[in-house]
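Worksheet for the structure shown next.
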Amino acid sequence: MQLKGKTAVVTGSGRGIGKAIALKLLQMGANVVLNGTSSAVEQTAEEFKALGYVNVAVTKGNVKNIQDVEAMINTALDVYGSLDILVNNAGITKDTLMLRMTEQDWDDVLDINLKGAFLCTKAASKIMMKQRKGKIINITSVVGITGNAGQANYCSSKAGLIGLTKSTAKELASRGITCNAVAPGAIETQMTEILPEKVKESYLNSIPLGRFGTPEDVANVVGFLASDDANYITGQVIHIDGGLVM
């Protein structure tokens with residue numbers, strides 16, 4: 001119960017990695033505010049409550065909209081009285097080769113993956129600065145470091161998120177706020193389930209540990225960064241990729 005009495009907001013927490021992160025923080029004792037744009041986030045809240053985790057609140061909204069972001073932050077304050085942890089996990093993909101990528105494809109991905117994290121960080125940091133403590137954790141990706149064909153928009157957003165992480169860490173450190181990022185590699189999610197077997201084999205052959213990661217692998221590291229055990233860590237990017245990128 002390392003996070004007992006603390007409140008976390010996890011964006012994009014209706015499924016996949018975000019859902020696993022939210023559950024991990026609940027298991028560590030935190031109050032958790034879930035966020036998403038679909039009914040999945042409400043279903044996830046009901047699942048958690050059925051497991052006995054009653055300290056769950058839900059805010060539906062899109063992180064690219066400042067009004068939705070402010071409503072999400074206010075929910076944490078109104079229901080639980082504080083905001084101690086922000087996990088910027090919300091993200092989308094619109095993959096295609098750059099020559100075929102539309103301006104809308106670019107804008108949509110950057111708006112949610114990068115602008116959304118900026119808006120959430122800005123809103124949360126105002127609260128954390130007054131408290132003189134807080135943890136901000138951004139979910140980036142190894143392709144933000146390596147690049148990837150067919151993902152110019154996604155890779156750019158995730159590379160930008162690394163820059164945002166480091167700038168935030170430097171700006172807020174004097175107020176007792178840390179900001180770190182985790183960079184997952186190939187993680188078992190709904191997106192990887194639909195990959196052709198040959199593509200999966202190619203991925204596995206490039207991963208030294210020889211397996212895909214799980215959402216729980218990511219959630220465990222986020223839980224550590226959110227805890228007091230990580231109080232002297234800021235501005236870092238931790239790879240969770242089985243050795244894919246070294």
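Residue numbering restarts at 1 in every chain; chains get A, B, ... in the order shown in the structure tokens, and ligands count up from 1 in that same order.
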
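All residues of range 198-230 of chain A that DSSP, run on the backbone, classes as helix (DSSP H, G or I) are Lys198, Val199, Lys200, Glu201, Ser202, Tyr203, Leu204, Asn205, Pro215, Glu216, Asp217, Val218, Ala219, Asn220, Val221, Val222, Gly223, Phe224, Leu225, Ala226, Asp228, Asp229 and Ala230 of chain A.
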
Keeping only N, CA and C atoms, write the selected residues to a file as a CSV table (one decimal), in the first residue's frame.
chain,number,residue,atom,x,y,z
A,198,LYS,N,3.9,-13.9,-39.3
A,198,LYS,CA,5.2,-13.6,-39.8
A,198,LYS,C,5.8,-12.3,-39.2
A,199,VAL,N,4.9,-11.3,-39.1
A,199,VAL,CA,5.3,-10.1,-38.4
A,199,VAL,C,5.7,-10.3,-37.0
A,200,LYS,N,4.9,-11.1,-36.3
A,200,LYS,CA,5.1,-11.4,-34.9
A,200,LYS,C,6.5,-12.1,-34.7
A,201,GLU,N,6.7,-13.1,-35.6
A,201,GLU,CA,8.0,-13.8,-35.6
A,201,GLU,C,9.2,-12.9,-35.8
A,202,SER,N,9.0,-12.0,-36.7
A,202,SER,CA,10.1,-11.0,-37.0
A,202,SER,C,10.4,-10.2,-35.8
A,203,TYR,N,9.3,-9.7,-35.1
A,203,TYR,CA,9.5,-8.9,-33.8
A,203,TYR,C,10.3,-9.8,-32.8
A,204,LEU,N,9.8,-11.0,-32.6
A,204,LEU,CA,10.3,-11.9,-31.5
A,204,LEU,C,11.8,-12.2,-31.8
A,205,ASN,N,12.2,-12.3,-33.0
A,205,ASN,CA,13.6,-12.6,-33.4
A,205,ASN,C,14.5,-11.4,-33.0
A,215,PRO,N,1.1,-5.7,-20.6
A,215,PRO,CA,0.8,-4.4,-20.0
A,215,PRO,C,1.2,-4.4,-18.6
A,216,GLU,N,1.2,-5.5,-17.9
A,216,GLU,CA,1.6,-5.5,-16.5
A,216,GLU,C,3.1,-5.2,-16.3
A,217,ASP,N,3.9,-5.6,-17.3
A,217,ASP,CA,5.4,-5.3,-17.3
A,217,ASP,C,5.5,-3.8,-17.3
A,218,VAL,N,4.7,-3.1,-18.1
A,218,VAL,CA,4.8,-1.6,-18.1
A,218,VAL,C,4.2,-1.0,-16.8
A,219,ALA,N,3.1,-1.6,-16.3
A,219,ALA,CA,2.5,-1.0,-15.1
A,219,ALA,C,3.4,-1.2,-13.9
A,220,ASN,N,4.1,-2.2,-13.8
A,220,ASN,CA,5.0,-2.4,-12.7
A,220,ASN,C,6.1,-1.3,-12.6
A,221,VAL,N,6.6,-0.9,-13.7
A,221,VAL,CA,7.6,0.2,-13.7
A,221,VAL,C,6.9,1.5,-13.4
A,222,VAL,N,5.7,1.8,-13.9
A,222,VAL,CA,5.0,3.0,-13.6
A,222,VAL,C,4.7,3.1,-12.1
A,223,GLY,N,4.3,1.9,-11.5
A,223,GLY,CA,4.1,1.9,-10.1
A,223,GLY,C,5.3,2.3,-9.3
A,224,PHE,N,6.4,1.8,-9.7
A,224,PHE,CA,7.7,2.2,-9.0
A,224,PHE,C,8.0,3.6,-9.1
A,225,LEU,N,7.8,4.2,-10.3
A,225,LEU,CA,8.1,5.6,-10.5
A,225,LEU,C,7.1,6.5,-9.8
A,226,ALA,N,5.9,6.0,-9.6
A,226,ALA,CA,4.9,6.8,-8.8
A,226,ALA,C,5.1,6.7,-7.3
A,228,ASP,N,7.4,6.5,-3.6
A,228,ASP,CA,8.5,7.3,-2.9
A,228,ASP,C,9.8,6.6,-3.2
A,229,ASP,N,9.8,5.4,-3.6
A,229,ASP,CA,11.1,4.7,-3.9
A,229,ASP,C,11.8,5.3,-5.1
A,230,ALA,N,11.1,6.1,-5.9
A,230,ALA,CA,11.7,6.8,-7.0
A,230,ALA,C,11.8,8.3,-6.9

- [ ] Apply DSSP to the structure's backbone, then extract all residues of chain A labelled strand (DSSP E) and return them as a ChimeraX atom specification.
- [x] /A:7-10,31-36,56-60,85-88,134-139,177-184,237-240

Within 12 Å of Val56 in chain A, counting only C-alpha atoms, which residues show up once you throw out same-chain ones fewer than 6 positions away? Write them as a PDB file with N, CA, C and O atoms, in the first residue's frame, please.
ATOM      1  N   THR A   7      -3.629  10.289  -4.837  1.00  0.00           N
ATOM      2  CA  THR A   7      -4.594  10.265  -5.937  1.00  0.00           C
ATOM      3  C   THR A   7      -3.869  10.333  -7.273  1.00  0.00           C
ATOM      4  O   THR A   7      -2.990  11.173  -7.466  1.00  0.00           O
ATOM      5  N   ALA A   8      -4.264   9.447  -8.175  1.00  0.00           N
ATOM      6  CA  ALA A   8      -3.649   9.377  -9.503  1.00  0.00           C
ATOM      7  C   ALA A   8      -4.693   9.583 -10.583  1.00  0.00           C
ATOM      8  O   ALA A   8      -5.824   9.099 -10.469  1.00  0.00           O
ATOM      9  N   VAL A   9      -4.312  10.276 -11.634  1.00  0.00           N
ATOM     10  CA  VAL A   9      -5.105  10.388 -12.855  1.00  0.00           C
ATOM     11  C   VAL A   9      -4.367   9.623 -13.948  1.00  0.00           C
ATOM     12  O   VAL A   9      -3.173   9.845 -14.155  1.00  0.00           O
ATOM     13  N   VAL A  10      -5.068   8.706 -14.618  1.00  0.00           N
ATOM     14  CA  VAL A  10      -4.461   7.923 -15.697  1.00  0.00           C
ATOM     15  C   VAL A  10      -5.282   8.148 -16.962  1.00  0.00           C
ATOM     16  O   VAL A  10      -6.453   7.753 -17.036  1.00  0.00           O
ATOM     17  N   SER A  13      -7.314   5.115 -19.946  1.00  0.00           N
ATOM     18  CA  SER A  13      -7.229   3.956 -19.045  1.00  0.00           C
ATOM     19  C   SER A  13      -8.395   2.988 -19.177  1.00  0.00           C
ATOM     20  O   SER A  13      -8.653   2.190 -18.291  1.00  0.00           O
ATOM     21  N   ALA A  22      -3.680   1.616 -14.237  1.00  0.00           N
ATOM     22  CA  ALA A  22      -4.687   2.025 -13.257  1.00  0.00           C
ATOM     23  C   ALA A  22      -4.878   0.953 -12.194  1.00  0.00           C
ATOM     24  O   ALA A  22      -4.953   1.250 -10.989  1.00  0.00           O
ATOM     25  N   LEU A  23      -4.949  -0.307 -12.622  1.00  0.00           N
ATOM     26  CA  LEU A  23      -5.128  -1.404 -11.666  1.00  0.00           C
ATOM     27  C   LEU A  23      -3.923  -1.522 -10.731  1.00  0.00           C
ATOM     28  O   LEU A  23      -4.084  -1.725  -9.524  1.00  0.00           O
ATOM     29  N   LEU A  25      -1.902   0.855  -9.742  1.00  0.00           N
ATOM     30  CA  LEU A  25      -1.929   1.954  -8.775  1.00  0.00           C
ATOM     31  C   LEU A  25      -3.000   1.719  -7.720  1.00  0.00           C
ATOM     32  O   LEU A  25      -2.808   2.040  -6.541  1.00  0.00           O
ATOM     33  N   LEU A  26      -4.127   1.136  -8.114  1.00  0.00           N
ATOM     34  CA  LEU A  26      -5.161   0.772  -7.141  1.00  0.00           C
ATOM     35  C   LEU A  26      -4.632  -0.277  -6.170  1.00  0.00           C
ATOM     36  O   LEU A  26      -4.857  -0.191  -4.955  1.00  0.00           O
ATOM     37  N   GLN A  27      -3.934  -1.259  -6.702  1.00  0.00           N
ATOM     38  CA  GLN A  27      -3.354  -2.311  -5.860  1.00  0.00           C
ATOM     39  C   GLN A  27      -2.345  -1.750  -4.868  1.00  0.00           C
ATOM     40  O   GLN A  27      -2.167  -2.293  -3.773  1.00  0.00           O
ATOM     41  N   GLY A  29      -2.730   1.084  -3.463  1.00  0.00           N
ATOM     42  CA  GLY A  29      -3.466   1.860  -2.476  1.00  0.00           C
ATOM     43  C   GLY A  29      -3.939   3.226  -2.918  1.00  0.00           C
ATOM     44  O   GLY A  29      -4.564   3.944  -2.134  1.00  0.00           O
ATOM     45  N   ALA A  30      -3.662   3.616  -4.160  1.00  0.00           N
ATOM     46  CA  ALA A  30      -4.032   4.956  -4.619  1.00  0.00           C
ATOM     47  C   ALA A  30      -5.511   5.062  -4.945  1.00  0.00           C
ATOM     48  O   ALA A  30      -6.164   4.074  -5.287  1.00  0.00           O
ATOM     49  N   ASN A  31      -6.040   6.283  -4.837  1.00  0.00           N
ATOM     50  CA  ASN A  31      -7.307   6.625  -5.466  1.00  0.00           C
ATOM     51  C   ASN A  31      -7.000   6.880  -6.933  1.00  0.00           C
ATOM     52  O   ASN A  31      -5.998   7.519  -7.247  1.00  0.00           O
ATOM     53  N   VAL A  32      -7.860   6.403  -7.826  1.00  0.00           N
ATOM     54  CA  VAL A  32      -7.555   6.535  -9.252  1.00  0.00           C
ATOM     55  C   VAL A  32      -8.725   7.143 -10.004  1.00  0.00           C
ATOM     56  O   VAL A  32      -9.876   6.719  -9.861  1.00  0.00           O
ATOM     57  N   VAL A  33      -8.407   8.157 -10.816  1.00  0.00           N
ATOM     58  CA  VAL A  33      -9.376   8.754 -11.728  1.00  0.00           C
ATOM     59  C   VAL A  33      -9.083   8.213 -13.130  1.00  0.00           C
ATOM     60  O   VAL A  33      -7.993   8.432 -13.668  1.00  0.00           O
ATOM     61  N   LEU A  34     -10.042   7.489 -13.677  1.00  0.00           N
ATOM     62  CA  LEU A  34      -9.906   6.923 -15.013  1.00  0.00           C
ATOM     63  C   LEU A  34     -10.370   7.939 -16.047  1.00  0.00           C
ATOM     64  O   LEU A  34     -11.264   8.743 -15.787  1.00  0.00           O
ATOM     65  N   ASN A  35      -9.775   7.877 -17.230  1.00  0.00           N
ATOM     66  CA  ASN A  35     -10.147   8.786 -18.313  1.00  0.00           C
ATOM     67  C   ASN A  35     -10.172   8.039 -19.630  1.00  0.00           C
ATOM     68  O   ASN A  35      -9.333   7.167 -19.883  1.00  0.00           O
ATOM     69  N   VAL A  41     -14.119   2.930 -20.650  1.00  0.00           N
ATOM     70  CA  VAL A  41     -13.594   3.444 -19.379  1.00  0.00           C
ATOM     71  C   VAL A  41     -14.601   3.229 -18.250  1.00  0.00           C
ATOM     72  O   VAL A  41     -14.225   2.929 -17.108  1.00  0.00           O
ATOM     73  N   GLU A  42     -15.881   3.331 -18.554  1.00  0.00           N
ATOM     74  CA  GLU A  42     -16.914   3.077 -17.550  1.00  0.00           C
ATOM     75  C   GLU A  42     -16.995   1.588 -17.220  1.00  0.00           C
ATOM     76  O   GLU A  42     -17.173   1.207 -16.058  1.00  0.00           O
ATOM     77  N   GLN A  43     -16.846   0.753 -18.229  1.00  0.00           N
ATOM     78  CA  GLN A  43     -16.838  -0.692 -18.003  1.00  0.00           C
ATOM     79  C   GLN A  43     -15.638  -1.100 -17.150  1.00  0.00           C
ATOM     80  O   GLN A  43     -15.752  -1.957 -16.262  1.00  0.00           O
ATOM     81  N   THR A  44     -14.494  -0.476 -17.406  1.00  0.00           N
ATOM     82  CA  THR A  44     -13.294  -0.760 -16.615  1.00  0.00           C
ATOM     83  C   THR A  44     -13.505  -0.374 -15.161  1.00  0.00           C
ATOM     84  O   THR A  44     -13.111  -1.112 -14.246  1.00  0.00           O
ATOM     85  N   ALA A  45     -14.131   0.771 -14.926  1.00  0.00           N
ATOM     86  CA  ALA A  45     -14.418   1.201 -13.553  1.00  0.00           C
ATOM     87  C   ALA A  45     -15.296   0.177 -12.835  1.00  0.00           C
ATOM     88  O   ALA A  45     -15.056  -0.149 -11.662  1.00  0.00           O
ATOM     89  N   GLU A  46     -16.291  -0.354 -13.534  1.00  0.00           N
ATOM     90  CA  GLU A  46     -17.169  -1.358 -12.927  1.00  0.00           C
ATOM     91  C   GLU A  46     -16.404  -2.642 -12.628  1.00  0.00           C
ATOM     92  O   GLU A  46     -16.631  -3.287 -11.599  1.00  0.00           O
ATOM     93  N   GLU A  47     -15.496  -3.021 -13.521  1.00  0.00           N
ATOM     94  CA  GLU A  47     -14.652  -4.205 -13.281  1.00  0.00           C
ATOM     95  C   GLU A  47     -13.820  -4.030 -12.015  1.00  0.00           C
ATOM     96  O   GLU A  47     -13.720  -4.943 -11.184  1.00  0.00           O
ATOM     97  N   PHE A  48     -13.216  -2.867 -11.877  1.00  0.00           N
ATOM     98  CA  PHE A  48     -12.374  -2.599 -10.706  1.00  0.00           C
ATOM     99  C   PHE A  48     -13.201  -2.609  -9.423  1.00  0.00           C
ATOM    100  O   PHE A  48     -12.777  -3.150  -8.396  1.00  0.00           O
ATOM    101  N   LYS A  49     -14.385  -2.032  -9.491  1.00  0.00           N
ATOM    102  CA  LYS A  49     -15.243  -2.006  -8.303  1.00  0.00           C
ATOM    103  C   LYS A  49     -15.682  -3.413  -7.920  1.00  0.00           C
ATOM    104  O   LYS A  49     -15.799  -3.741  -6.735  1.00  0.00           O
ATOM    105  N   ALA A  50     -15.914  -4.266  -8.931  1.00  0.00           N
ATOM    106  CA  ALA A  50     -16.283  -5.650  -8.668  1.00  0.00           C
ATOM    107  C   ALA A  50     -15.149  -6.413  -7.981  1.00  0.00           C
ATOM    108  O   ALA A  50     -15.386  -7.398  -7.265  1.00  0.00           O
ATOM    109  N   THR A  75     -12.058  16.701 -11.159  1.00  0.00           N
ATOM    110  CA  THR A  75     -12.658  15.503 -10.573  1.00  0.00           C
ATOM    111  C   THR A  75     -11.765  14.933  -9.480  1.00  0.00           C
ATOM    112  O   THR A  75     -12.237  14.558  -8.399  1.00  0.00           O
ATOM    113  N   ALA A  76     -10.469  14.889  -9.751  1.00  0.00           N
ATOM    114  CA  ALA A  76      -9.527  14.392  -8.737  1.00  0.00           C
ATOM    115  C   ALA A  76      -9.595  15.243  -7.479  1.00  0.00           C
ATOM    116  O   ALA A  76      -9.630  14.719  -6.349  1.00  0.00           O
ATOM    117  N   VAL A  79     -13.305  14.944  -5.743  1.00  0.00           N
ATOM    118  CA  VAL A  79     -13.634  13.641  -5.148  1.00  0.00           C
ATOM    119  C   VAL A  79     -12.635  13.238  -4.074  1.00  0.00           C
ATOM    120  O   VAL A  79     -13.017  12.719  -3.018  1.00  0.00           O
ATOM    121  N   TYR A  80     -11.352  13.504  -4.324  1.00  0.00           N
ATOM    122  CA  TYR A  80     -10.321  12.990  -3.421  1.00  0.00           C
ATOM    123  C   TYR A  80      -9.491  14.066  -2.733  1.00  0.00           C
ATOM    124  O   TYR A  80      -8.702  13.764  -1.831  1.00  0.00           O
TER     125      TYR A  80
END

- [ ] Work out how far CA of Thr189 in chain A is from CA of Asn153 in chain A, in Å to one decimal.
- [x]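 Separation of CA of Asn153 in chain A and CA of Thr189 in chain A: 20.3 Å.
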
- [ ] Could you check which of A:Lys133, A:Lys122, A:Arg15, A:Lys115 is closest to Ser174 in chain A, using only C-alpha atoms?
- [x]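 Checking each of A:Lys133, A:Lys122, A:Arg15, A:Lys115 against Ser174 in chain A, counting only C-alpha atoms, the winner is A:Lys133.
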
Would you list the contacts of Ile137 in chain A as a PDB file with C-alpha atoms, in the first residue's frame, taking every protein, DNA or RNA residue within 9 Å and counting only C-alpha atoms, but skipping same-chain residues closer than 6 positions in sequence?
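Below you can see around.pdb, which holds the result:
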ATOM      1  CA  ILE A  85       0.250  11.328  -9.731  1.00  0.00           C
ATOM      2  CA  LEU A  86      -0.434  11.990 -13.418  1.00  0.00           C
ATOM      3  CA  VAL A  87       0.097   9.257 -16.001  1.00  0.00           C
ATOM      4  CA  ASN A  88      -0.067  10.556 -19.585  1.00  0.00           C
ATOM      5  CA  ASN A  89      -0.970   7.351 -21.399  1.00  0.00           C
ATOM      6  CA  THR A 165       9.450  14.863 -20.150  1.00  0.00           C
ATOM      7  CA  THR A 178       9.457  14.539 -10.732  1.00  0.00           C
ATOM      8  CA  CYS A 179       8.729  13.736 -14.373  1.00  0.00           C
ATOM      9  CA  ASN A 180       9.839  10.538 -16.065  1.00  0.00           C
ATOM     10  CA  ALA A 181       8.890   8.492 -19.106  1.00  0.00           C
ATOM     11  CA  VAL A 182       8.650   4.806 -19.858  1.00  0.00           C
ATOM     12  CA  VAL A 222       5.016   2.993 -13.612  1.00  0.00           C
ATOM     13  CA  LEU A 225       8.096   5.620 -10.548  1.00  0.00           C
ATOM     14  CA  ALA A 226       4.898   6.758  -8.822  1.00  0.00           C
TER      15      ALA A 226
END
